[in-house]
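*Asks:* If you scroll down you'll find the structure; I have some questions about it.
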Amino acid sequence: MFHHSPIGELRIRANKTEICSTEFINQPGWANHSPKQSSNLHLKSIIRALNLYFAGKLSTFKTPTAAKGTPFLEIVWSELQKLFAGSTIHYGTIAERIGNLKASREVGLPNNRDPLHILVPCHRVVGKSGSLIGYASELWREEWLIKHEVALT
């Protein structure tokens with residue numbers, strides 16, 4: 001399913017029990033793709049939640065998700081879901097929280113491979129100086145999402 005958002009088209013995939021991925025579509029030709037209706041209850045739920053999020057009326061998501069990866073990826077994704085909307089954290093702090101002080105560079109990999117953009121808030125991870133240093137869905141989106149969430153708090 002596709003969903004129009006203020007910062008681009010999202011492709012959302014789900015199985016019968018969980019949301020599997022939400023990813024921004026950057027390829028030419030996707031911009032005018034029409035969203036389709038779905039009978040999947042999880043897709044309907046996440047569309048409602050995303051509409052509320054982008055309208056500034058929701059800051060956390062309760063829809064079940066299925067982010068699957070290596071144990072390290074899943075540990076980092078789990079830690080990211082503990083972050084409050086409007087807050088940011090740097091890679092070293094995530095490494096510290098997962099019990100591996102030397103893994104600050106490695107923490108970037110789960111952020112890059114995050115299959116659940118917005119739902120697993122990898123956009124809240126910034127450089128140690130607070131600067132935006134990398135976001136798989138483009139830095140301008142990361143900046144927009146952070147500003148949007150600050151306004152929600």
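Naming works like this for the structure tokens: A, B, ... for the chains as they're shown, residue 1 at the start of each chain, ligands 1 onward in shown order.
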As a PDB file with C-alpha atoms, in the first residue's frame, please: the residues near range 73-75 of chain A (cut-off 12 Å, only C-alpha atoms, same-chain neighbours under 2 positions excluded).
*Replies:*
ATOM      1  CA  THR A  65       5.559  -4.242  13.864  1.00  0.00           C
ATOM      2  CA  ALA A  66       7.759  -6.982  12.479  1.00  0.00           C
ATOM      3  CA  ALA A  67      11.244  -5.518  12.136  1.00  0.00           C
ATOM      4  CA  LYS A  68      13.390  -8.593  11.530  1.00  0.00           C
ATOM      5  CA  GLY A  69      17.164  -8.591  11.438  1.00  0.00           C
ATOM      6  CA  THR A  70      20.243  -9.838  13.220  1.00  0.00           C
ATOM      7  CA  PRO A  71      20.177  -9.772  17.025  1.00  0.00           C
ATOM      8  CA  TRP A  77      15.800  -0.926  16.900  1.00  0.00           C
ATOM      9  CA  SER A  78      14.296  -1.822  20.263  1.00  0.00           C
ATOM     10  CA  GLU A  79      16.359   0.900  21.942  1.00  0.00           C
ATOM     11  CA  LEU A  80      15.272   3.440  19.324  1.00  0.00           C
ATOM     12  CA  GLN A  81      11.624   2.740  20.114  1.00  0.00           C
ATOM     13  CA  LYS A  82      12.243   3.888  23.694  1.00  0.00           C
ATOM     14  CA  ILE A  94      22.793   4.222  21.958  1.00  0.00           C
ATOM     15  CA  ALA A  95      25.960   2.075  22.124  1.00  0.00           C
ATOM     16  CA  ARG A  97      22.549   1.889  26.414  1.00  0.00           C
ATOM     17  CA  ILE A  98      22.927  -1.466  24.672  1.00  0.00           C
ATOM     18  CA  GLY A  99      26.001  -2.226  26.769  1.00  0.00           C
ATOM     19  CA  ASN A 100      28.692  -1.857  24.118  1.00  0.00           C
ATOM     20  CA  ALA A 103      29.818   0.136  19.086  1.00  0.00           C
ATOM     21  CA  GLU A 106      28.187   0.044  14.395  1.00  0.00           C
ATOM     22  CA  VAL A 107      24.958   1.631  15.662  1.00  0.00           C
ATOM     23  CA  GLY A 108      24.748   3.466  12.340  1.00  0.00           C
ATOM     24  CA  LEU A 109      24.087   0.210  10.460  1.00  0.00           C
ATOM     25  CA  PRO A 110      20.737  -0.547  12.142  1.00  0.00           C
ATOM     26  CA  ASN A 111      19.700   3.055  11.513  1.00  0.00           C
ATOM     27  CA  ASN A 112      20.538   2.692   7.831  1.00  0.00           C
ATOM     28  CA  ARG A 113      18.698  -0.633   7.600  1.00  0.00           C
ATOM     29  CA  ASP A 114      15.638   0.435   9.591  1.00  0.00           C
ATOM     30  CA  PRO A 115      12.679  -1.052   7.676  1.00  0.00           C
ATOM     31  CA  LEU A 116      10.110   0.904   9.679  1.00  0.00           C
ATOM     32  CA  VAL A 120      11.220   2.894  14.575  1.00  0.00           C
ATOM     33  CA  CYS A 122      16.025   6.248  13.524  1.00  0.00           C
TER      34      CYS A 122
END
*Asks:* Per residue of range 42-113 of chain A within 12 Å of range 134-150 of chain A, which atom pair is closest and at what distance in Å (one decimal), using only C-alpha atoms, listed by chain and increasing number, as a Markdown table?
*Replies:*
| residue | atom | partner | partner_atom | distance |
| --- | --- | --- | --- | --- |
| A:Tyr53 | CA | A:Glu149 | CA | 8.9 |
| A:Phe54 | CA | A:His148 | CA | 8.0 |
| A:Ala55 | CA | A:His148 | CA | 9.5 |
| A:Gly56 | CA | A:His148 | CA | 7.6 |
| A:Lys57 | CA | A:Glu149 | CA | 10.3 |
| A:Leu58 | CA | A:Glu149 | CA | 9.4 |
| A:Ser59 | CA | A:Glu149 | CA | 7.1 |
| A:Thr60 | CA | A:Glu149 | CA | 10.2 |
| A:Leu83 | CA | A:Glu149 | CA | 11.6 |
| A:Phe84 | CA | A:Glu149 | CA | 9.1 |
| A:Ala85 | CA | A:Glu149 | CA | 5.4 |
| A:Gly86 | CA | A:Val150 | CA | 4.0 |
| A:Ser87 | CA | A:Val150 | CA | 7.3 |
| A:Thr88 | CA | A:Ile146 | CA | 7.9 |
| A:Ile89 | CA | A:Ile146 | CA | 11.4 |
| A:His90 | CA | A:Gly134 | CA | 11.6 |
| A:Tyr91 | CA | A:Gly134 | CA | 11.2 |
| A:Gly108 | CA | A:Gly134 | CA | 8.6 |
| A:Leu109 | CA | A:Ala136 | CA | 10.2 |
| A:Pro110 | CA | A:Ala136 | CA | 10.5 |
| A:Asn111 | CA | A:Tyr135 | CA | 7.6 |
| A:Asn112 | CA | A:Ala136 | CA | 5.4 |
| A:Arg113 | CA | A:Ala136 | CA | 7.9 |
*Asks:* Could you save those same residues with C-alpha atoms as a PDB file, in the first residue's frame?
*Replies:*
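Resulting contents of result_28.pdb:
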ATOM      1  CA  TYR A  53       1.105  11.832  13.411  1.00  0.00           C
ATOM      2  CA  PHE A  54       1.503  14.159  10.440  1.00  0.00           C
ATOM      3  CA  ALA A  55      -1.442  16.260  11.686  1.00  0.00           C
ATOM      4  CA  GLY A  56       0.425  16.756  14.968  1.00  0.00           C
ATOM      5  CA  LYS A  57      -2.014  14.717  17.053  1.00  0.00           C
ATOM      6  CA  LEU A  58       0.029  11.564  17.729  1.00  0.00           C
ATOM      7  CA  SER A  59       3.625  11.034  18.797  1.00  0.00           C
ATOM      8  CA  THR A  60       3.850   7.279  19.436  1.00  0.00           C
ATOM      9  CA  LEU A  83      13.090   7.411  22.533  1.00  0.00           C
ATOM     10  CA  PHE A  84      10.466  10.077  23.104  1.00  0.00           C
ATOM     11  CA  ALA A  85       9.164  12.196  20.240  1.00  0.00           C
ATOM     12  CA  GLY A  86      11.002  15.493  20.061  1.00  0.00           C
ATOM     13  CA  SER A  87      14.169  14.069  21.582  1.00  0.00           C
ATOM     14  CA  THR A  88      17.425  13.217  19.876  1.00  0.00           C
ATOM     15  CA  ILE A  89      20.280  10.977  20.896  1.00  0.00           C
ATOM     16  CA  HIS A  90      23.719  10.310  19.482  1.00  0.00           C
ATOM     17  CA  TYR A  91      25.209   7.035  18.331  1.00  0.00           C
ATOM     18  CA  GLY A 108      24.748   3.466  12.340  1.00  0.00           C
ATOM     19  CA  LEU A 109      24.087   0.210  10.460  1.00  0.00           C
ATOM     20  CA  PRO A 110      20.737  -0.547  12.142  1.00  0.00           C
ATOM     21  CA  ASN A 111      19.700   3.055  11.513  1.00  0.00           C
ATOM     22  CA  ASN A 112      20.538   2.692   7.831  1.00  0.00           C
ATOM     23  CA  ARG A 113      18.698  -0.633   7.600  1.00  0.00           C
TER      24      ARG A 113
END
*Asks:* Just list the residues in range 2-81 of chain A DSSP gives alpha helix (DSSP H) on the backbone, as a PyMOL selection string.
*Replies:* chain A and resi 41-54+71-80
*Asks:* If you run DSSP over the backbone, which residues in chain A end up strand (DSSP E or B)? Put them as a list in words.
*Replies:* Phe2, His3, His4, Ser5, Gly8, Glu9, Leu10, Arg11, Ile12, Arg13, Ala14, Ile19, Cys20, Ser21, Thr22, Glu23, Phe24, Thr65, Ile89, His90, Leu116, Val125 and Val126 of chain A
*Asks:* Kindly save the residues from that selection, with C-alpha atoms included, as a tab-separated table (two decimals), in the first residue's frame.
*Replies:*
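Now in result-v7.tsv:
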chain	number	residue	atom	x	y	z
A	2	PHE	CA	1.13	3.56	-0.62
A	3	HIS	CA	0.49	6.58	1.56
A	4	HIS	CA	0.97	10.25	0.72
A	5	SER	CA	2.77	12.13	3.48
A	8	GLY	CA	6.96	12.07	0.37
A	9	GLU	CA	5.35	8.86	-0.64
A	10	LEU	CA	5.53	5.96	1.83
A	11	ARG	CA	5.27	2.34	0.74
A	12	ILE	CA	3.80	0.31	3.59
A	13	ARG	CA	3.86	-3.47	3.75
A	14	ALA	CA	2.10	-5.70	6.26
A	19	ILE	CA	3.47	-3.91	9.83
A	20	CYS	CA	6.59	-5.21	8.07
A	21	SER	CA	7.96	-2.02	6.51
A	22	THR	CA	7.37	1.66	5.94
A	23	GLU	CA	9.80	3.20	3.52
A	24	PHE	CA	10.02	6.42	1.59
A	65	THR	CA	5.56	-4.24	13.86
A	89	ILE	CA	20.28	10.98	20.90
A	90	HIS	CA	23.72	10.31	19.48
A	116	LEU	CA	10.11	0.90	9.68
A	125	VAL	CA	19.74	9.63	16.16
A	126	VAL	CA	22.16	12.47	15.42
*Asks:* Report as a VMD selection string all protein, DNA and RNA residues lying within 8 Å of Thr63 in chain A, evaluated on only C-alpha atoms, omitting residues in the same chain fewer than 4 positions from it.
*Replies:* chain A and resid 18 to 19 42 45 to 46
*Asks:* Atoms to include: N, CA and C atoms. Write the selected residues as a PDB file, in the first residue's frame.
*Replies:*
ATOM      1  N   GLU A  18       1.191  -7.915  11.504  1.00  0.00           N
ATOM      2  CA  GLU A  18       2.100  -6.814  11.833  1.00  0.00           C
ATOM      3  C   GLU A  18       2.422  -5.967  10.603  1.00  0.00           C
ATOM      4  N   ILE A  19       2.906  -4.760  10.877  1.00  0.00           N
ATOM      5  CA  ILE A  19       3.468  -3.908   9.832  1.00  0.00           C
ATOM      6  C   ILE A  19       4.902  -4.372   9.616  1.00  0.00           C
ATOM      7  N   HIS A  42      -4.187  -3.977   9.915  1.00  0.00           N
ATOM      8  CA  HIS A  42      -2.949  -3.304  10.351  1.00  0.00           C
ATOM      9  C   HIS A  42      -2.590  -2.161   9.415  1.00  0.00           C
ATOM     10  N   SER A  45      -4.967   0.615  10.231  1.00  0.00           N
ATOM     11  CA  SER A  45      -4.571   1.213  11.513  1.00  0.00           C
ATOM     12  C   SER A  45      -3.358   2.132  11.368  1.00  0.00           C
ATOM     13  N   ILE A  46      -2.355   1.694  10.627  1.00  0.00           N
ATOM     14  CA  ILE A  46      -1.148   2.525  10.495  1.00  0.00           C
ATOM     15  C   ILE A  46      -1.416   3.750   9.638  1.00  0.00           C
TER      16      ILE A  46
END
